[in-house]
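Reviewing the structure listed below.
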Amino acid sequence: MELRELIAKDLLKIKAVFFRPEEPFIWASGIKSPVYCDNRLTLSDVEVRGDVERGLSQLVRENFPEAQALMGTSTAGIAHAAITAHLLDMPMGYVRSGNKDHGRKNRIEGRLEPGEKVVVVEDLISTGGSVIEVVDALREEGAEVLGIVCIFTYGMKRGLERLAEANVRAVSLTDFDTIAKVAAQEGYIPESDIARLIAFRDNPSDESWIGAAE
């Protein structure tokens, strides 16, 4: 089975992905979404956690073979970065959302050498803003950021544009389109909902998909 479909099946099986097109979830940004993905639940399922961490290791090896360290995003990416780094026998650290207000006032935790080639580990990417802040913080400290690996990406236009503007490559275990396709195949959603989900992905600001069920 293709890795994208395997991880999609895993996320659906453990109910890490929620579909609610009739009563959308509201993100902190104000965007209304028919899908909510809680990848923290992957840590609680031993089989799924194994698939995810082996998958992330594979993404690092295949896409960023020069990587010298992994850096998790705070907080969701920290555990995945730690486990994946263990599998790859590689150092890891993590990046806070902001500097600590005490002690050494670090934002980056763990040892980071100037010029070190790092890969950022994130749980999901939607509009891309938060993970690019992490990339910028690492670059400011002298790291060479090779790219980002994540569990799930929405593939939104704004996110793709931001990644391109930041000149950083992101690869994911699975994506919005695959989740929608597998969810319909497995009976989690009706086939007719796929078009509504893709309409949201293509243009989140156009909410006509909310009342588009037949």
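The way I read the labels, and the way they are meant: chains A, B, ... in the order of the structure tokens, residue 1 as the first residue of every chain, and ligand 1 as the first ligand shown, with later ones counted on from there.
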Where does DSSP see strand (DSSP E) in range 5-129 of chain A, if you list the residues as number ranges by chain? A: 17-19, 25-26, 32-33, 35-37, 69-73, 92-95, 108-109, 117-125
Could you save those same residues with N, CA and C atoms as an mmCIF file, in the first residue's frame?
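selection03.cif was written with the following content:
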data_model
loop_
_atom_site.group_PDB
_atom_site.id
_atom_site.type_symbol
_atom_site.label_atom_id
_atom_site.label_comp_id
_atom_site.auth_asym_id
_atom_site.auth_seq_id
_atom_site.Cartn_x
_atom_site.Cartn_y
_atom_site.Cartn_z
ATOM 1 N N VAL A 17 -8.952 12.373 12.344
ATOM 2 C CA VAL A 17 -9.523 13.288 11.362
ATOM 3 C C VAL A 17 -11.029 13.335 11.564
ATOM 4 N N PHE A 18 -11.538 14.538 11.712
ATOM 5 C CA PHE A 18 -12.972 14.740 11.909
ATOM 6 C C PHE A 18 -13.562 15.463 10.696
ATOM 7 N N PHE A 19 -14.699 14.988 10.213
ATOM 8 C CA PHE A 19 -15.393 15.636 9.097
ATOM 9 C C PHE A 19 -16.695 16.242 9.608
ATOM 10 N N PHE A 25 -15.618 23.499 11.573
ATOM 11 C CA PHE A 25 -14.730 23.903 12.660
ATOM 12 C C PHE A 25 -14.214 25.300 12.344
ATOM 13 N N ILE A 26 -13.980 26.113 13.361
ATOM 14 C CA ILE A 26 -13.425 27.449 13.155
ATOM 15 C C ILE A 26 -12.010 27.483 13.712
ATOM 16 N N LYS A 32 -13.219 28.828 8.348
ATOM 17 C CA LYS A 32 -14.154 27.737 8.617
ATOM 18 C C LYS A 32 -13.720 26.526 7.802
ATOM 19 N N SER A 33 -13.563 25.396 8.477
ATOM 20 C CA SER A 33 -13.051 24.194 7.817
ATOM 21 C C SER A 33 -13.979 23.004 8.036
ATOM 22 N N VAL A 35 -12.938 20.040 7.923
ATOM 23 C CA VAL A 35 -12.054 18.970 8.409
ATOM 24 C C VAL A 35 -11.191 19.491 9.542
ATOM 25 N N TYR A 36 -11.044 18.666 10.567
ATOM 26 C CA TYR A 36 -10.111 18.989 11.650
ATOM 27 C C TYR A 36 -9.220 17.770 11.864
ATOM 28 N N CYS A 37 -7.922 18.000 11.920
ATOM 29 C CA CYS A 37 -6.970 16.889 12.067
ATOM 30 C C CYS A 37 -6.206 17.040 13.372
ATOM 31 N N ALA A 69 20.512 17.004 11.803
ATOM 32 C CA ALA A 69 19.708 17.093 13.026
ATOM 33 C C ALA A 69 18.257 17.374 12.653
ATOM 34 N N LEU A 70 17.355 17.006 13.568
ATOM 35 C CA LEU A 70 15.941 17.304 13.402
ATOM 36 C C LEU A 70 15.528 18.340 14.433
ATOM 37 N N MET A 71 14.616 19.227 14.033
ATOM 38 C CA MET A 71 14.109 20.243 14.941
ATOM 39 C C MET A 71 12.589 20.208 14.927
ATOM 40 N N GLY A 72 11.990 19.884 16.074
ATOM 41 C CA GLY A 72 10.541 19.812 16.161
ATOM 42 C C GLY A 72 9.916 21.171 16.396
ATOM 43 N N THR A 73 8.679 21.324 15.960
ATOM 44 C CA THR A 73 7.926 22.535 16.249
ATOM 45 C C THR A 73 7.219 22.355 17.589
ATOM 46 N N MET A 92 18.467 15.903 17.985
ATOM 47 C CA MET A 92 17.237 16.671 17.781
ATOM 48 C C MET A 92 17.158 17.792 18.793
ATOM 49 N N GLY A 93 16.294 18.721 18.481
ATOM 50 C CA GLY A 93 15.967 19.796 19.396
ATOM 51 C C GLY A 93 14.582 20.282 19.035
ATOM 52 N N TYR A 94 14.192 21.415 19.588
ATOM 53 C CA TYR A 94 12.894 21.958 19.185
ATOM 54 C C TYR A 94 12.905 23.473 19.287
ATOM 55 N N VAL A 95 11.923 24.077 18.629
ATOM 56 C CA VAL A 95 11.834 25.531 18.562
ATOM 57 C C VAL A 95 10.564 25.974 19.259
ATOM 58 N N ILE A 108 15.335 28.335 20.819
ATOM 59 C CA ILE A 108 15.726 27.027 20.293
ATOM 60 C C ILE A 108 16.325 26.206 21.421
ATOM 61 N N GLU A 109 15.743 25.040 21.663
ATOM 62 C CA GLU A 109 16.214 24.156 22.725
ATOM 63 C C GLU A 109 16.979 22.986 22.113
ATOM 64 N N LYS A 117 22.967 21.354 9.159
ATOM 65 C CA LYS A 117 21.885 21.082 8.215
ATOM 66 C C LYS A 117 20.750 20.383 8.946
ATOM 67 N N VAL A 118 19.623 21.073 9.040
ATOM 68 C CA VAL A 118 18.520 20.553 9.840
ATOM 69 C C VAL A 118 17.247 20.390 9.012
ATOM 70 N N VAL A 119 16.392 19.502 9.506
ATOM 71 C CA VAL A 119 15.059 19.302 8.942
ATOM 72 C C VAL A 119 14.054 19.577 10.045
ATOM 73 N N VAL A 120 13.036 20.367 9.732
ATOM 74 C CA VAL A 120 11.985 20.689 10.690
ATOM 75 C C VAL A 120 10.924 19.596 10.654
ATOM 76 N N VAL A 121 10.473 19.169 11.827
ATOM 77 C CA VAL A 121 9.421 18.159 11.939
ATOM 78 C C VAL A 121 8.166 18.839 12.489
ATOM 79 N N GLU A 122 7.093 18.798 11.698
ATOM 80 C CA GLU A 122 5.822 19.432 12.039
ATOM 81 C C GLU A 122 4.720 18.383 11.986
ATOM 82 N N ASP A 123 3.621 18.611 12.705
ATOM 83 C CA ASP A 123 2.542 17.617 12.622
ATOM 84 C C ASP A 123 1.642 17.872 11.427
ATOM 85 N N LEU A 124 1.302 19.159 11.162
ATOM 86 C CA LEU A 124 0.505 19.441 9.956
ATOM 87 C C LEU A 124 0.781 20.859 9.478
ATOM 88 N N ILE A 125 0.498 21.080 8.209
ATOM 89 C CA ILE A 125 0.658 22.403 7.608
ATOM 90 C C ILE A 125 -0.662 22.801 6.960
#
I'd like the interatomic distance between CA of Ala137 in chain A and CA of Gly77 in chain A, to a tenth of an Å. 15.5 Å
Would you kindly return, as number ranges by chain, each protein, DNA or RNA residue with an atom no farther than 10 Å from any atom of range 39-46 of chain A, considering only C-alpha atoms and excluding same-chain residues fewer than 5 positions away? A: 10-11, 14-17, 51-53, 75-77, 79-80, 123-124, 151-152
What would the file look like if the residues just selected were written as a compact mmCIF listing (two decimals), in the first residue's frame with all heavy atoms?
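What ended up in out25.txt:
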# COMPACT_ATOMS: atom_id res chain seq x y z
N ASP A 10 -4.73 5.16 8.66
CA ASP A 10 -4.40 5.19 10.08
C ASP A 10 -5.10 6.35 10.79
O ASP A 10 -5.68 6.17 11.87
CB ASP A 10 -2.88 5.34 10.26
CG ASP A 10 -2.12 4.03 10.09
OD1 ASP A 10 -2.76 2.96 10.09
OD2 ASP A 10 -0.88 4.09 9.98
N LEU A 11 -5.01 7.53 10.21
CA LEU A 11 -5.60 8.71 10.84
C LEU A 11 -7.12 8.58 10.95
O LEU A 11 -7.71 8.97 11.96
CB LEU A 11 -5.25 9.97 10.05
CG LEU A 11 -3.76 10.35 9.98
CD1 LEU A 11 -3.57 11.62 9.16
CD2 LEU A 11 -3.16 10.53 11.38
N ILE A 14 -8.13 5.91 13.83
CA ILE A 14 -8.04 6.34 15.23
C ILE A 14 -8.83 7.62 15.48
O ILE A 14 -8.72 8.22 16.55
CB ILE A 14 -6.57 6.53 15.67
CG1 ILE A 14 -5.90 7.65 14.88
CG2 ILE A 14 -5.80 5.22 15.56
CD1 ILE A 14 -4.51 8.02 15.39
N LYS A 15 -9.60 8.03 14.47
CA LYS A 15 -10.45 9.23 14.59
C LYS A 15 -9.62 10.49 14.86
O LYS A 15 -10.02 11.38 15.63
CB LYS A 15 -11.52 9.04 15.65
CG LYS A 15 -12.52 7.95 15.31
CD LYS A 15 -13.59 7.81 16.40
CE LYS A 15 -14.69 6.85 15.96
NZ LYS A 15 -14.24 5.48 15.70
N ALA A 16 -8.45 10.55 14.23
CA ALA A 16 -7.64 11.76 14.31
C ALA A 16 -8.13 12.81 13.31
O ALA A 16 -7.74 13.97 13.41
CB ALA A 16 -6.17 11.43 14.03
N VAL A 17 -8.95 12.37 12.34
CA VAL A 17 -9.52 13.29 11.36
C VAL A 17 -11.03 13.33 11.56
O VAL A 17 -11.69 12.30 11.60
CB VAL A 17 -9.20 12.84 9.92
CG1 VAL A 17 -9.85 13.78 8.91
CG2 VAL A 17 -7.70 12.78 9.71
N ASP A 51 3.84 3.51 12.37
CA ASP A 51 3.73 3.84 10.95
C ASP A 51 4.17 5.27 10.69
O ASP A 51 4.89 5.55 9.72
CB ASP A 51 2.28 3.67 10.47
CG ASP A 51 1.84 2.21 10.36
OD1 ASP A 51 2.71 1.32 10.35
OD2 ASP A 51 0.61 1.98 10.28
N VAL A 52 3.74 6.19 11.56
CA VAL A 52 4.06 7.60 11.38
C VAL A 52 5.56 7.85 11.52
O VAL A 52 6.18 8.50 10.67
CB VAL A 52 3.28 8.46 12.39
CG1 VAL A 52 3.84 9.89 12.46
CG2 VAL A 52 1.81 8.51 12.02
N GLU A 53 6.16 7.33 12.57
CA GLU A 53 7.58 7.62 12.81
C GLU A 53 8.48 6.94 11.77
O GLU A 53 9.46 7.52 11.32
CB GLU A 53 7.99 7.21 14.22
CG GLU A 53 7.08 7.69 15.34
CD GLU A 53 6.70 9.16 15.30
OE1 GLU A 53 7.35 9.96 14.61
OE2 GLU A 53 5.72 9.52 15.98
N THR A 75 4.10 22.78 20.04
CA THR A 75 4.50 21.61 20.82
C THR A 75 4.29 20.31 20.04
O THR A 75 4.85 19.27 20.39
CB THR A 75 3.69 21.52 22.13
OG1 THR A 75 2.28 21.44 21.80
CG2 THR A 75 3.92 22.72 23.01
N ALA A 76 3.45 20.36 19.03
CA ALA A 76 3.00 19.13 18.39
C ALA A 76 4.11 18.35 17.69
O ALA A 76 4.03 17.13 17.56
CB ALA A 76 1.88 19.43 17.40
N GLY A 77 5.15 19.03 17.23
CA GLY A 77 6.20 18.34 16.49
C GLY A 77 7.30 17.76 17.35
O GLY A 77 8.15 17.01 16.87
N ALA A 79 7.46 15.53 20.00
CA ALA A 79 7.52 14.07 20.20
C ALA A 79 7.88 13.35 18.90
O ALA A 79 8.68 12.41 18.90
CB ALA A 79 6.19 13.56 20.73
N HIS A 80 7.31 13.80 17.79
CA HIS A 80 7.60 13.15 16.51
C HIS A 80 9.06 13.36 16.11
O HIS A 80 9.70 12.45 15.58
CB HIS A 80 6.66 13.68 15.43
CG HIS A 80 5.23 13.38 15.70
ND1 HIS A 80 4.73 12.08 15.71
CD2 HIS A 80 4.18 14.19 15.97
CE1 HIS A 80 3.43 12.13 15.99
NE2 HIS A 80 3.09 13.38 16.15
N ASP A 123 3.62 18.61 12.70
CA ASP A 123 2.54 17.62 12.62
C ASP A 123 1.64 17.87 11.43
O ASP A 123 1.26 16.95 10.72
CB ASP A 123 1.75 17.52 13.93
CG ASP A 123 0.84 18.70 14.17
OD1 ASP A 123 1.22 19.83 13.82
OD2 ASP A 123 -0.26 18.50 14.71
N LEU A 124 1.30 19.16 11.16
CA LEU A 124 0.51 19.44 9.96
C LEU A 124 0.78 20.86 9.48
O LEU A 124 1.23 21.72 10.23
CB LEU A 124 -0.99 19.24 10.21
CG LEU A 124 -1.76 20.15 11.16
CD1 LEU A 124 -2.17 21.44 10.48
CD2 LEU A 124 -2.99 19.45 11.70
N ILE A 151 3.23 15.22 9.02
CA ILE A 151 2.30 14.09 8.89
C ILE A 151 1.24 14.37 7.84
O ILE A 151 0.94 13.54 7.00
CB ILE A 151 1.64 13.79 10.25
CG1 ILE A 151 2.70 13.41 11.29
CG2 ILE A 151 0.62 12.64 10.10
CD1 ILE A 151 2.16 13.31 12.71
N PHE A 152 0.70 15.59 7.88
CA PHE A 152 -0.45 15.92 7.05
C PHE A 152 -0.35 17.35 6.54
O PHE A 152 0.08 18.24 7.27
CB PHE A 152 -1.72 15.75 7.89
CG PHE A 152 -3.01 16.21 7.23
CD1 PHE A 152 -3.63 15.42 6.28
CD2 PHE A 152 -3.58 17.42 7.58
CE1 PHE A 152 -4.81 15.84 5.68
CE2 PHE A 152 -4.76 17.84 6.99
CZ PHE A 152 -5.38 17.05 6.03
As JSON, numbers by chain, list the residues of range 21-105 of chain A assigned to alpha helix (DSSP H) by DSSP on the backbone atoms of this structure. {"A": [46, 47, 48, 49, 50, 51, 52, 53, 54, 55, 56, 57, 58, 59, 60, 61, 62, 63, 76, 77, 78, 79, 80, 81, 82, 83, 84, 85, 86, 87, 88]}
Find the residue from A:Val145, A:Met90, A:Ala170, A:Ile132 that sits nearest to Gly115 in chain A; use only C-alpha atoms when measuring.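 Answer, going by the shortest atom-to-atom distance: A:Val145.
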Atom-to-atom span, CA of Arg139 in chain A and CA of Gly30 in chain A, Å: 29.3 Å
What are the closest atom pairs, with distances in Å to one decimal, for each residue of range 93-171 of chain A lying within 7 Å of range 175-186 of chain A, using only C-alpha atoms, rows by chain and rising residue number, as JSON lines?
{"residue": "A:Phe152", "atom": "CA", "partner": "A:Asp175", "partner_atom": "CA", "distance": 5.2}
{"residue": "A:Thr153", "atom": "CA", "partner": "A:Asp175", "partner_atom": "CA", "distance": 4.8}
{"residue": "A:Tyr154", "atom": "CA", "partner": "A:Phe176", "partner_atom": "CA", "distance": 4.8}
{"residue": "A:Gly155", "atom": "CA", "partner": "A:Phe176", "partner_atom": "CA", "distance": 6.7}
Separation of CA of Arg158 in chain A from CA of Leu138 in chain A, in Å and rounded to one decimal: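 Distance between the two atoms: 22.0 Å.
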Give me the residues near Pro204 in chain A as an MDAnalysis selection string, where near means some atom within 10 Å (using only C-alpha atoms) and where sequence neighbours in that chain fewer than 5 positions away do not count. chainID A and resid 31:34 156:158 197:199 209
For the residues in that selection, give me C-alpha atoms as a short mmCIF file (atom, residue, chain, number, x, y, z; two decimals), in the first residue's frame.
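Resulting contents of part12.cif:
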data_model
loop_
_atom_site.label_atom_id
_atom_site.label_comp_id
_atom_site.auth_asym_id
_atom_site.auth_seq_id
_atom_site.Cartn_x
_atom_site.Cartn_y
_atom_site.Cartn_z
CA ILE A 31 -11.19 30.09 8.64
CA LYS A 32 -14.15 27.74 8.62
CA SER A 33 -13.05 24.19 7.82
CA PRO A 34 -15.02 20.99 7.14
CA MET A 156 -3.85 25.23 0.55
CA LYS A 157 -2.74 27.78 -2.03
CA ARG A 158 -1.72 30.28 0.65
CA LEU A 197 -13.93 19.27 0.59
CA ILE A 198 -11.77 20.07 -2.44
CA ALA A 199 -13.70 23.34 -2.95
CA TRP A 209 -19.34 24.64 -0.07
#
Counting only C-alpha atoms, the residue of A:Thr127, A:Pro21, A:Pro190, A:Leu160 that sits nearest Glu207 in chain A: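 The shortest atom-to-atom distance to Glu207 in chain A comes from A:Pro21.
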Using only C-alpha atoms, find the one residue out of A:Gly147, A:Gly50, A:Gly142, A:Gly55 that sits nearest to Thr174 in chain A.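 Nearest to Thr174 in chain A: A:Gly55.
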I want to know what sits within 8 Å of Ser57 in chain A, based on only C-alpha atoms, with residues of the same chain fewer than 6 positions away left out; could you give that as a list in words?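 That gives Thr84, Ala85, Leu87 and Leu88 of chain A.
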Mind writing the picked residues with N, CA, C and O atoms as a short mmCIF file (atom, residue, chain, number, x, y, z; two decimals), in the first residue's frame?
data_model
loop_
_atom_site.label_atom_id
_atom_site.label_comp_id
_atom_site.auth_asym_id
_atom_site.auth_seq_id
_atom_site.Cartn_x
_atom_site.Cartn_y
_atom_site.Cartn_z
N THR A 84 11.55 10.15 15.72
CA THR A 84 12.15 10.00 14.40
C THR A 84 13.66 10.14 14.47
O THR A 84 14.40 9.37 13.83
N ALA A 85 14.14 11.10 15.27
CA ALA A 85 15.59 11.25 15.43
C ALA A 85 16.21 10.01 16.05
O ALA A 85 17.32 9.61 15.69
N LEU A 87 15.11 6.93 15.68
CA LEU A 87 15.16 5.91 14.63
C LEU A 87 16.30 6.16 13.65
O LEU A 87 16.89 5.22 13.11
N LEU A 88 16.60 7.43 13.41
CA LEU A 88 17.64 7.79 12.45
C LEU A 88 19.00 7.96 13.11
O LEU A 88 19.98 8.26 12.42
#
